[in-house]
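protein35.pdb, holding PDB, C-alpha atoms and all ligand atoms:
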ATOM      1  CA  MET W   8      23.075  28.843  -8.837  1.00  0.00           C
ATOM      2  CA  LEU W   9      24.634  25.783  -7.209  1.00  0.00           C
ATOM      3  CA  LEU W  10      23.322  25.097  -3.717  1.00  0.00           C
ATOM      4  CA  TRP W  11      24.775  21.654  -3.035  1.00  0.00           C
ATOM      5  CA  LYS W  12      26.641  19.007  -4.983  1.00  0.00           C
ATOM      6  CA  ALA W  13      27.886  15.476  -4.448  1.00  0.00           C
ATOM      7  CA  ALA W  14      29.968  13.738  -7.060  1.00  0.00           C
ATOM      8  CA  ASP W  15      31.999  10.558  -7.144  1.00  0.00           C
ATOM      9  CA  ASP W  16      32.853   7.869  -9.674  1.00  0.00           C
ATOM     10  CA  THR W  17      29.259   6.651  -9.748  1.00  0.00           C
ATOM     11  CA  ALA W  18      27.021   9.682  -9.957  1.00  0.00           C
ATOM     12  CA  LEU W  19      26.648  13.433  -9.915  1.00  0.00           C
ATOM     13  CA  ALA W  20      23.870  14.794  -7.698  1.00  0.00           C
ATOM     14  CA  ALA W  21      23.166  18.490  -7.257  1.00  0.00           C
ATOM     15  CA  PHE W  22      20.567  20.996  -6.129  1.00  0.00           C
ATOM     16  CA  SER W  23      20.287  24.514  -7.505  1.00  0.00           C
ATOM     17  CA  ARG W  24      19.291  27.673  -5.745  1.00  0.00           C
ATOM     18  CA  ALA W  25      16.016  29.346  -6.670  1.00  0.00           C
ATOM     19  CA  ALA W  26      15.642  30.561 -10.231  1.00  0.00           C
ATOM     20  CA  ASP W  27      12.731  32.081 -12.093  1.00  0.00           C
ATOM     21  CA  ALA W  28      11.201  29.044 -13.707  1.00  0.00           C
ATOM     22  CA  PRO W  29       7.465  28.889 -13.222  1.00  0.00           C
ATOM     23  CA  VAL W  30       6.686  27.678 -16.741  1.00  0.00           C
ATOM     24  CA  PRO W  31       8.048  24.594 -18.526  1.00  0.00           C
ATOM     25  CA  ALA W  32      10.005  26.342 -21.255  1.00  0.00           C
ATOM     26  CA  VAL W  33      11.841  28.362 -18.652  1.00  0.00           C
ATOM     27  CA  THR W  34      12.362  25.263 -16.528  1.00  0.00           C
ATOM     28  CA  CYS W  35      14.243  23.634 -19.401  1.00  0.00           C
ATOM     29  CA  ALA W  36      16.442  26.681 -19.759  1.00  0.00           C
ATOM     30  CA  ILE W  37      17.168  26.747 -16.046  1.00  0.00           C
ATOM     31  CA  ALA W  38      17.987  23.033 -15.999  1.00  0.00           C
ATOM     32  CA  ARG W  39      20.367  23.515 -18.914  1.00  0.00           C
ATOM     33  CA  ALA W  40      22.009  26.524 -17.272  1.00  0.00           C
ATOM     34  CA  PHE W  41      22.483  24.423 -14.148  1.00  0.00           C
ATOM     35  CA  ALA W  42      24.089  21.626 -16.153  1.00  0.00           C
ATOM     36  CA  VAL W  43      26.469  24.148 -17.698  1.00  0.00           C
ATOM     37  CA  GLU W  44      27.419  25.388 -14.238  1.00  0.00           C
ATOM     38  CA  LEU W  45      28.058  21.790 -13.179  1.00  0.00           C
ATOM     39  CA  GLY W  46      30.512  21.406 -16.053  1.00  0.00           C
ATOM     40  CA  ALA W  47      28.197  19.201 -18.133  1.00  0.00           C
ATOM     41  CA  ALA W  48      27.050  21.642 -20.796  1.00  0.00           C
ATOM     42  CA  ASP W  49      26.050  19.008 -23.352  1.00  0.00           C
ATOM     43  CA  VAL W  50      24.564  16.391 -21.062  1.00  0.00           C
ATOM     44  CA  PRO W  51      21.153  15.254 -22.312  1.00  0.00           C
ATOM     45  CA  ILE W  52      18.435  16.149 -19.797  1.00  0.00           C
ATOM     46  CA  ALA W  53      14.999  14.660 -19.123  1.00  0.00           C
ATOM     47  CA  TRP W  54      12.305  16.466 -17.166  1.00  0.00           C
ATOM     48  CA  ALA W  55       8.653  15.672 -16.508  1.00  0.00           C
ATOM     49  CA  THR W  56       5.352  17.383 -15.940  1.00  0.00           C
ATOM     50  CA  GLN W  57       4.972  16.804 -12.223  1.00  0.00           C
ATOM     51  CA  VAL W  58       1.508  15.782 -11.088  1.00  0.00           C
ATOM     52  CA  HIS W  59       1.973  14.897  -7.381  1.00  0.00           C
ATOM     53  CA  GLY W  60       1.709  11.170  -7.998  1.00  0.00           C
ATOM     54  CA  ASN W  61       3.940   8.118  -7.886  1.00  0.00           C
ATOM     55  CA  ALA W  62       4.169   7.154 -11.548  1.00  0.00           C
ATOM     56  CA  VAL W  63       7.646   6.271 -12.826  1.00  0.00           C
ATOM     57  CA  LEU W  64       9.094   7.416 -16.127  1.00  0.00           C
ATOM     58  CA  ASP W  65      12.088   5.693 -17.743  1.00  0.00           C
ATOM     59  CA  PRO W  66      13.077   8.007 -20.572  1.00  0.00           C
ATOM     60  CA  SER W  67      15.589   6.925 -23.170  1.00  0.00           C
ATOM     61  CA  ARG W  68      18.707   9.008 -23.435  1.00  0.00           C
ATOM     62  CA  PRO W  69      18.415  11.562 -26.223  1.00  0.00           C
ATOM     63  CA  ALA W  70      21.245  13.088 -28.236  1.00  0.00           C
ATOM     64  CA  ALA W  71      23.940  15.156 -26.584  1.00  0.00           C
ATOM     65  CA  GLY W  72      22.723  18.611 -25.721  1.00  0.00           C
ATOM     66  CA  ALA W  73      19.037  17.688 -25.982  1.00  0.00           C
ATOM     67  CA  THR W  74      16.482  18.422 -23.286  1.00  0.00           C
ATOM     68  CA  ILE W  75      13.442  16.162 -23.482  1.00  0.00           C
ATOM     69  CA  HIS W  76      10.035  16.047 -21.852  1.00  0.00           C
ATOM     70  CA  ALA W  77       9.592  12.547 -20.450  1.00  0.00           C
ATOM     71  CA  GLY W  78       5.845  12.829 -19.857  1.00  0.00           C
ATOM     72  CA  GLU W  79       3.682  13.184 -16.765  1.00  0.00           C
ATOM     73  CA  GLY W  80       5.115  11.759 -13.593  1.00  0.00           C
ATOM     74  CA  ASP W  81       7.033  12.473 -10.423  1.00  0.00           C
ATOM     75  CA  ILE W  82       9.719   9.792 -10.574  1.00  0.00           C
ATOM     76  CA  LEU W  83      12.372   9.626 -13.286  1.00  0.00           C
ATOM     77  CA  ALA W  84      14.761   6.697 -13.482  1.00  0.00           C
ATOM     78  CA  SER W  85      17.531   5.581 -15.810  1.00  0.00           C
ATOM     79  CA  CYS W  86      20.442   3.180 -16.102  1.00  0.00           C
ATOM     80  CA  GLU W  87      22.092   5.204 -18.863  1.00  0.00           C
ATOM     81  CA  THR W  88      25.309   7.019 -18.156  1.00  0.00           C
ATOM     82  CA  GLY W  89      25.796  10.679 -18.914  1.00  0.00           C
ATOM     83  CA  PHE W  90      22.056  11.368 -18.822  1.00  0.00           C
ATOM     84  CA  ALA W  91      20.693  13.930 -16.373  1.00  0.00           C
ATOM     85  CA  LEU W  92      17.287  13.493 -14.732  1.00  0.00           C
ATOM     86  CA  VAL W  93      15.783  16.590 -13.156  1.00  0.00           C
ATOM     87  CA  VAL W  94      12.842  17.491 -10.969  1.00  0.00           C
ATOM     88  CA  GLN W  95      11.825  20.986  -9.913  1.00  0.00           C
ATOM     89  CA  THR W  96      10.527  22.020  -6.529  1.00  0.00           C
ATOM     90  CA  ALA W  97       9.363  24.963  -4.461  1.00  0.00           C
ATOM     91  CA  ASP W  98       8.620  23.508  -0.974  1.00  0.00           C
ATOM     92  CA  CYS W  99       8.135  19.881  -2.049  1.00  0.00           C
ATOM     93  CA  VAL W 100      10.943  17.436  -1.287  1.00  0.00           C
ATOM     94  CA  PRO W 101      13.375  16.719  -4.130  1.00  0.00           C
ATOM     95  CA  ILE W 102      14.945  13.281  -3.696  1.00  0.00           C
ATOM     96  CA  LEU W 103      17.911  12.024  -5.687  1.00  0.00           C
ATOM     97  CA  LEU W 104      18.839   8.340  -5.565  1.00  0.00           C
ATOM     98  CA  ALA W 105      22.173   7.043  -6.797  1.00  0.00           C
ATOM     99  CA  ALA W 106      23.336   3.456  -7.015  1.00  0.00           C
ATOM    100  CA  PRO W 107      25.838   1.531  -9.104  1.00  0.00           C
ATOM    101  CA  GLY W 108      23.938   0.986 -12.349  1.00  0.00           C
ATOM    102  CA  ALA W 109      20.980   3.351 -12.021  1.00  0.00           C
ATOM    103  CA  VAL W 110      19.763   6.686 -10.690  1.00  0.00           C
ATOM    104  CA  SER W 111      16.412   8.285  -9.944  1.00  0.00           C
ATOM    105  CA  ALA W 112      15.002  11.760  -9.322  1.00  0.00           C
ATOM    106  CA  VAL W 113      11.819  12.082  -7.274  1.00  0.00           C
ATOM    107  CA  HIS W 114       9.429  14.971  -6.567  1.00  0.00           C
ATOM    108  CA  ALA W 115       7.543  14.415  -3.310  1.00  0.00           C
ATOM    109  CA  GLY W 116       5.106  16.960  -1.956  1.00  0.00           C
ATOM    110  CA  TRP W 117       2.547  15.914   0.607  1.00  0.00           C
ATOM    111  CA  ARG W 118       0.558  13.924  -1.919  1.00  0.00           C
ATOM    112  CA  GLY W 119       3.628  12.226  -3.352  1.00  0.00           C
ATOM    113  CA  THR W 120       4.887  11.479   0.138  1.00  0.00           C
ATOM    114  CA  ALA W 121       1.500  10.101   1.197  1.00  0.00           C
ATOM    115  CA  ARG W 122       1.506   7.962  -1.953  1.00  0.00           C
ATOM    116  CA  GLY W 123       4.960   6.625  -1.185  1.00  0.00           C
ATOM    117  CA  ALA W 124       6.803   8.072  -4.169  1.00  0.00           C
ATOM    118  CA  ALA W 125      10.169   7.395  -2.523  1.00  0.00           C
ATOM    119  CA  VAL W 126       9.147   3.808  -1.816  1.00  0.00           C
ATOM    120  CA  THR W 127       8.066   3.352  -5.416  1.00  0.00           C
ATOM    121  CA  ALA W 128      11.374   4.743  -6.664  1.00  0.00           C
ATOM    122  CA  VAL W 129      13.482   2.367  -4.567  1.00  0.00           C
ATOM    123  CA  ARG W 130      11.370  -0.642  -5.577  1.00  0.00           C
ATOM    124  CA  HIS W 131      11.521   0.391  -9.227  1.00  0.00           C
ATOM    125  CA  LEU W 132      15.305   0.666  -9.150  1.00  0.00           C
ATOM    126  CA  ALA W 133      15.411  -2.853  -7.699  1.00  0.00           C
ATOM    127  CA  ALA W 134      12.849  -4.433 -10.014  1.00  0.00           C
ATOM    128  CA  ARG W 135      13.871  -2.848 -13.293  1.00  0.00           C
ATOM    129  CA  TYR W 136      17.570  -2.211 -12.838  1.00  0.00           C
ATOM    130  CA  GLY W 137      18.612  -4.817 -10.287  1.00  0.00           C
ATOM    131  CA  VAL W 138      19.699  -2.231  -7.747  1.00  0.00           C
ATOM    132  CA  SER W 139      20.077  -3.394  -4.165  1.00  0.00           C
ATOM    133  CA  PRO W 140      18.481  -0.895  -1.747  1.00  0.00           C
ATOM    134  CA  GLU W 141      21.552  -1.272   0.469  1.00  0.00           C
ATOM    135  CA  SER W 142      23.664   0.191  -2.332  1.00  0.00           C
ATOM    136  CA  ILE W 143      21.523   3.325  -2.781  1.00  0.00           C
ATOM    137  CA  ARG W 144      22.715   6.721  -1.652  1.00  0.00           C
ATOM    138  CA  ALA W 145      19.907   9.218  -1.159  1.00  0.00           C
ATOM    139  CA  PHE W 146      20.071  13.006  -1.203  1.00  0.00           C
ATOM    140  CA  LEU W 147      17.093  14.981   0.060  1.00  0.00           C
ATOM    141  CA  GLY W 148      17.090  18.587  -1.049  1.00  0.00           C
ATOM    142  CA  PRO W 149      15.688  21.630   0.706  1.00  0.00           C
ATOM    143  CA  ALA W 150      11.961  21.501   1.363  1.00  0.00           C
ATOM    144  CA  ILE W 151       9.465  23.290   3.545  1.00  0.00           C
ATOM    145  CA  GLY W 152      10.249  22.337   7.131  1.00  0.00           C
ATOM    146  CA  PRO W 153       8.147  21.395  10.116  1.00  0.00           C
ATOM    147  CA  CYS W 154       8.652  24.998  11.279  1.00  0.00           C
ATOM    148  CA  CYS W 155       6.499  26.285   8.404  1.00  0.00           C
ATOM    149  CA  TYR W 156       4.522  23.474   6.821  1.00  0.00           C
ATOM    150  CA  GLU W 157       1.141  24.149   8.391  1.00  0.00           C
ATOM    151  CA  VAL W 158      -1.722  22.013   7.090  1.00  0.00           C
ATOM    152  CA  GLY W 159      -5.279  21.126   7.974  1.00  0.00           C
ATOM    153  CA  GLY W 160      -6.375  17.874   9.511  1.00  0.00           C
ATOM    154  CA  ASP W 161      -7.363  16.559   6.093  1.00  0.00           C
ATOM    155  CA  VAL W 162      -3.703  16.595   5.040  1.00  0.00           C
ATOM    156  CA  ALA W 163      -2.178  15.706   8.402  1.00  0.00           C
ATOM    157  CA  VAL W 164      -4.228  12.517   8.635  1.00  0.00           C
ATOM    158  CA  ASN W 165      -2.150  11.064   5.806  1.00  0.00           C
ATOM    159  CA  PHE W 166       0.985  11.004   7.958  1.00  0.00           C
ATOM    160  CA  ALA W 167       2.116   8.906  10.902  1.00  0.00           C
ATOM    161  CA  GLY W 168       2.056  10.732  14.212  1.00  0.00           C
ATOM    162  CA  GLU W 169       5.823  10.938  14.462  1.00  0.00           C
ATOM    163  CA  PHE W 170       5.851  13.335  11.487  1.00  0.00           C
ATOM    164  CA  VAL W 171       3.032  15.576  12.726  1.00  0.00           C
ATOM    165  CA  ARG W 172       2.662  17.982  15.623  1.00  0.00           C
ATOM    166  CA  ARG W 173      -0.132  20.300  16.611  1.00  0.00           C
ATOM    167  CA  GLY W 174       0.062  23.923  15.542  1.00  0.00           C
ATOM    168  CA  CYS W 175      -2.240  26.822  16.320  1.00  0.00           C
ATOM    169  CA  GLY W 176      -5.931  27.099  15.579  1.00  0.00           C
ATOM    170  CA  GLY W 177      -6.559  23.455  14.870  1.00  0.00           C
ATOM    171  CA  LYS W 178      -3.759  23.305  12.321  1.00  0.00           C
ATOM    172  CA  PHE W 179      -0.925  20.792  12.171  1.00  0.00           C
ATOM    173  CA  LEU W 180       2.760  20.953  11.245  1.00  0.00           C
ATOM    174  CA  VAL W 181       4.124  18.168   9.062  1.00  0.00           C
ATOM    175  CA  ASN W 182       7.750  17.124   8.534  1.00  0.00           C
ATOM    176  CA  LEU W 183       7.805  15.985   4.906  1.00  0.00           C
ATOM    177  CA  GLN W 184      11.555  15.464   4.740  1.00  0.00           C
ATOM    178  CA  ALA W 185      11.548  13.185   7.783  1.00  0.00           C
ATOM    179  CA  ALA W 186       8.624  11.187   6.386  1.00  0.00           C
ATOM    180  CA  ASN W 187      10.546  10.590   3.162  1.00  0.00           C
ATOM    181  CA  ARG W 188      13.722   9.710   5.022  1.00  0.00           C
ATOM    182  CA  ALA W 189      11.763   7.122   6.990  1.00  0.00           C
ATOM    183  CA  GLN W 190      10.275   5.667   3.808  1.00  0.00           C
ATOM    184  CA  LEU W 191      13.728   5.247   2.311  1.00  0.00           C
ATOM    185  CA  ALA W 192      15.098   3.640   5.463  1.00  0.00           C
ATOM    186  CA  ALA W 193      12.145   1.263   5.672  1.00  0.00           C
ATOM    187  CA  GLU W 194      12.907   0.138   2.109  1.00  0.00           C
ATOM    188  CA  GLY W 195      16.442  -0.762   3.080  1.00  0.00           C
ATOM    189  CA  VAL W 196      18.429   2.346   2.189  1.00  0.00           C
ATOM    190  CA  PRO W 197      21.018   2.614   4.987  1.00  0.00           C
ATOM    191  CA  GLU W 198      20.460   5.583   7.296  1.00  0.00           C
ATOM    192  CA  SER W 199      24.139   6.389   6.924  1.00  0.00           C
ATOM    193  CA  SER W 200      23.621   6.711   3.151  1.00  0.00           C
ATOM    194  CA  ILE W 201      20.870   9.331   3.410  1.00  0.00           C
ATOM    195  CA  ALA W 202      21.970  12.966   3.290  1.00  0.00           C
ATOM    196  CA  ALA W 203      19.586  15.880   3.694  1.00  0.00           C
ATOM    197  CA  GLU W 204      19.828  19.641   3.256  1.00  0.00           C
ATOM    198  CA  PRO W 205      18.144  20.845   6.449  1.00  0.00           C
ATOM    199  CA  ARG W 206      17.193  24.391   5.480  1.00  0.00           C
ATOM    200  CA  CYS W 207      13.499  25.190   5.248  1.00  0.00           C
ATOM    201  CA  THR W 208      12.544  26.641   1.880  1.00  0.00           C
ATOM    202  CA  ARG W 209       9.999  29.052   3.358  1.00  0.00           C
ATOM    203  CA  CYS W 210      12.090  30.572   6.163  1.00  0.00           C
ATOM    204  CA  GLY W 211      15.608  29.512   5.219  1.00  0.00           C
ATOM    205  CA  GLY W 212      16.475  32.387   2.907  1.00  0.00           C
ATOM    206  CA  ALA W 213      15.563  34.035  -0.377  1.00  0.00           C
ATOM    207  CA  ASP W 214      17.883  31.743  -2.343  1.00  0.00           C
ATOM    208  CA  LEU W 215      15.456  28.880  -1.729  1.00  0.00           C
ATOM    209  CA  ALA W 216      12.245  28.700  -3.756  1.00  0.00           C
ATOM    210  CA  SER W 217       9.044  28.596  -1.720  1.00  0.00           C
ATOM    211  CA  TYR W 218       5.510  28.514  -3.032  1.00  0.00           C
ATOM    212  CA  ARG W 219       4.170  29.050   0.462  1.00  0.00           C
ATOM    213  CA  ARG W 220       6.234  32.221   0.804  1.00  0.00           C
ATOM    214  CA  ASP W 221       5.958  33.671  -2.701  1.00  0.00           C
ATOM    215  CA  GLY W 222       2.847  32.111  -4.214  1.00  0.00           C
ATOM    216  CA  ALA W 223       2.555  32.296  -7.975  1.00  0.00           C
ATOM    217  CA  ARG W 224       5.731  34.413  -8.126  1.00  0.00           C
ATOM    218  CA  ALA W 225       7.804  31.605  -6.634  1.00  0.00           C
ATOM    219  CA  GLY W 226      10.784  30.405  -8.591  1.00  0.00           C
ATOM    220  CA  ARG W 227      11.841  26.779  -8.747  1.00  0.00           C
ATOM    221  CA  MET W 228      14.904  24.851  -7.673  1.00  0.00           C
ATOM    222  CA  ILE W 229      16.369  22.168  -9.908  1.00  0.00           C
ATOM    223  CA  ALA W 230      17.476  18.818  -8.549  1.00  0.00           C
ATOM    224  CA  LEU W 231      19.720  16.969 -11.003  1.00  0.00           C
ATOM    225  CA  ILE W 232      21.222  13.506 -10.996  1.00  0.00           C
ATOM    226  CA  ALA W 233      23.267  11.675 -13.597  1.00  0.00           C
ATOM    227  CA  LEU W 234      25.042   8.343 -13.681  1.00  0.00           C
ATOM    228  CA  ARG W 235      28.611   8.990 -14.619  1.00  0.00           C
ATOM    229  CA  ALA W 236      30.276   7.411 -17.616  1.00  0.00           C
ATOM    230  CA  GLY W 237      32.596   4.520 -16.991  1.00  0.00           C
ATOM    231  CA  GLU W 238      30.308   2.671 -14.580  1.00  0.00           C
TER     232      GLU W 238
HETATM  233 ZN    ZN W 301      10.495  27.208   8.082  1.00  0.00          ZN
END
What is this file in structure tokens?
Amino acid sequence: MLLWKAADDTALAAFSRAADAPVPAVTCAIARAFAVELGAADVPIAWATQVHGNAVLDPSRPAAGATIHAGEGDILASCETGFALVVQTADCVPILLAAPGAVSAVHAGWRGTARGAAVTAVRHLAARYGVSPESIRAFLGPAIGPCCYEVGGDVAVNFAGEFVRRGCGGKFLVNLQAANRAQLAAEGVPESSIAAEPRCTRCGGADLASYRRDGARAGRMIALIALRAGE
């Protein structure tokens, strides 16, 4: 289930492979199974109903082993240790932010990217938790790539030209991951602190969840971040 993991004294950040999780109850089970695989079976987990916006949720840490619904929103943030924040994706960009003292999980599809969800997350970490953008490490998970993310002009117009190129038949190809990377860098997150999984969810293999490829049958990938105890 594990696709990618980064762990140090400050935080644990990880992305899962695709799993069947199209409905919330299953999502919770998948997130818990992922935590177990990461060696954190009892870590409390918060997830949200994602609505393609830029609202921030700051859930309080529940009891060990609990999985809580934090509400509607696409950005989760916390300064509590041993508390996992998760977002789920299938083509959208999952973004995990780790800094001494706080972490955040962000779900950014084209709407979230156009609304600056990553920008909001960085500013929220600074304003609420006193996190310096220079201290943030960012992890961008697998998302639909510029090879496959074909959109109409109505969507493409929301992005700067450097993230858009012309496709066939009046369509455009958008690079969501690059747009989010640029947002983070513009907010002061060092380029050298931004890591990205480059595989495209649609054409990069069946272990990646893609709504564009599989439609309503698409699974979901879990992105999980937790501040580690002792910080
Ligand atoms: Zn592709």
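Among the candidates W:Ile143, W:Leu231, W:Cys99, W:Ala105, the one nearest to W:Gly119 when counting only C-alpha atoms is W:Cys99.
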Could you list, with a cut-off of 8 Å and counting all atoms listed in the file, the residues of chain W near ligand ZN 301 (chain W), each shown with its nearest atom pair and the distance in Å rounded to one decimal, rows sorted by chain and ascending number, as a tab-separated table?
residue	atom	partner	partner_atom	distance
W:Ile151	CA	W:ZN301	ZN	6.1
W:Gly152	CA	W:ZN301	ZN	5.0
W:Pro153	CA	W:ZN301	ZN	6.6
W:Cys154	CA	W:ZN301	ZN	4.3
W:Cys155	CA	W:ZN301	ZN	4.1
W:Tyr156	CA	W:ZN301	ZN	7.2
W:Arg206	CA	W:ZN301	ZN	7.7
W:Cys207	CA	W:ZN301	ZN	4.6
W:Thr208	CA	W:ZN301	ZN	6.6
W:Arg209	CA	W:ZN301	ZN	5.1
W:Cys210	CA	W:ZN301	ZN	4.2
W:Gly211	CA	W:ZN301	ZN	6.3
Show me the residues close to (14.8, 19.7, -18.4) - anything with an atom within 6 Å, counting all atoms listed in the file - and format the list as a CSV table (one decimal) with C-alpha atoms, in the frame of the given file.
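Writing done, so here's result34.csv:
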chain,number,residue,atom,x,y,z
W,35,CYS,CA,14.2,23.6,-19.4
W,38,ALA,CA,18.0,23.0,-16.0
W,52,ILE,CA,18.4,16.1,-19.8
W,53,ALA,CA,15.0,14.7,-19.1
W,54,TRP,CA,12.3,16.5,-17.2
W,74,THR,CA,16.5,18.4,-23.3
Explicit residues for the PyMOL selection byres (((chain W and resi 138) around 12) and not hetatm) (as a list in words): Ala84, Ser85, Cys86, Leu104, Ala105, Ala106, Pro107, Gly108, Ala109, Val110, Ser111, Ala128, Val129, Arg130, His131, Leu132, Ala133, Ala134, Arg135, Tyr136, Gly137, Ser139, Pro140, Glu141, Ser142, Ile143, Arg144, Gly195 and Val196 of chain W
Please dump the current selection as a short mmCIF file (atom, residue, chain, number, x, y, z; two decimals), in the frame of the given file; keep C-alpha atoms.
data_model
loop_
_atom_site.label_atom_id
_atom_site.label_comp_id
_atom_site.auth_asym_id
_atom_site.auth_seq_id
_atom_site.Cartn_x
_atom_site.Cartn_y
_atom_site.Cartn_z
CA ALA W 84 14.76 6.70 -13.48
CA SER W 85 17.53 5.58 -15.81
CA CYS W 86 20.44 3.18 -16.10
CA LEU W 104 18.84 8.34 -5.56
CA ALA W 105 22.17 7.04 -6.80
CA ALA W 106 23.34 3.46 -7.02
CA PRO W 107 25.84 1.53 -9.10
CA GLY W 108 23.94 0.99 -12.35
CA ALA W 109 20.98 3.35 -12.02
CA VAL W 110 19.76 6.69 -10.69
CA SER W 111 16.41 8.28 -9.94
CA ALA W 128 11.37 4.74 -6.66
CA VAL W 129 13.48 2.37 -4.57
CA ARG W 130 11.37 -0.64 -5.58
CA HIS W 131 11.52 0.39 -9.23
CA LEU W 132 15.30 0.67 -9.15
CA ALA W 133 15.41 -2.85 -7.70
CA ALA W 134 12.85 -4.43 -10.01
CA ARG W 135 13.87 -2.85 -13.29
CA TYR W 136 17.57 -2.21 -12.84
CA GLY W 137 18.61 -4.82 -10.29
CA SER W 139 20.08 -3.39 -4.16
CA PRO W 140 18.48 -0.90 -1.75
CA GLU W 141 21.55 -1.27 0.47
CA SER W 142 23.66 0.19 -2.33
CA ILE W 143 21.52 3.32 -2.78
CA ARG W 144 22.72 6.72 -1.65
CA GLY W 195 16.44 -0.76 3.08
CA VAL W 196 18.43 2.35 2.19
#
The PyMOL selection byres (((chain W and resi 169-175) around 12) and not hetatm) applied to the shown file, residues as an MDAnalysis selection string: chainID W and resid 117 120:121 152:160 162:168 176:190
Coordinates-based distance that separates atom CA of W:Gly89 from atom CA of W:Ala112 (Å, one decimal):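 If I compute the distance from atom CA of W:Ala112 to atom CA of W:Gly89, I get 14.5 Å.
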Expected selection from the PyMOL selection byres (((chain W and resi 67) around 9) and not hetatm), given as number ranges by chain: W: 53, 65-66, 68-69, 77, 85, 87, 90
Exercise: residues within 12 Å of coordinate (6.3, 14.1, -17.3), counting only C-alpha atoms, as JSON, numbers by chain: {"W": [31, 53, 54, 55, 56, 57, 58, 59, 60, 61, 62, 63, 64, 65, 66, 75, 76, 77, 78, 79, 80, 81, 82, 83, 84, 92, 93, 94, 95, 113, 114]}
Can you tell me, as AutoDock Vina command-line options, the centre and edge lengths (Å, one decimal) of the axis-aligned box enclosing all of stretch 200-208 of chain W's listed atoms after padding each side by 6 Å?
--center_x 18.1 --center_y 16.7 --center_z 4.2 --size_x 23.1 --size_y 31.9 --size_z 16.6
Selection near W:Ala145, 7 Å with all atoms listed in the file, sequence-local residues under 3 positions removed, as a list of chain:residue names: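 Near W:Ala145, the qualifying residues are W:Ile102, W:Leu103, W:Leu104, W:Ala105, W:Ser200, W:Ile201, W:Ala202.
For the choices W:Ile229, W:Ala193, W:Ala13, W:Ala125, the atom-to-atom distance to W:Ala40 is smallest for W:Ile229 when using all atoms listed in the file.
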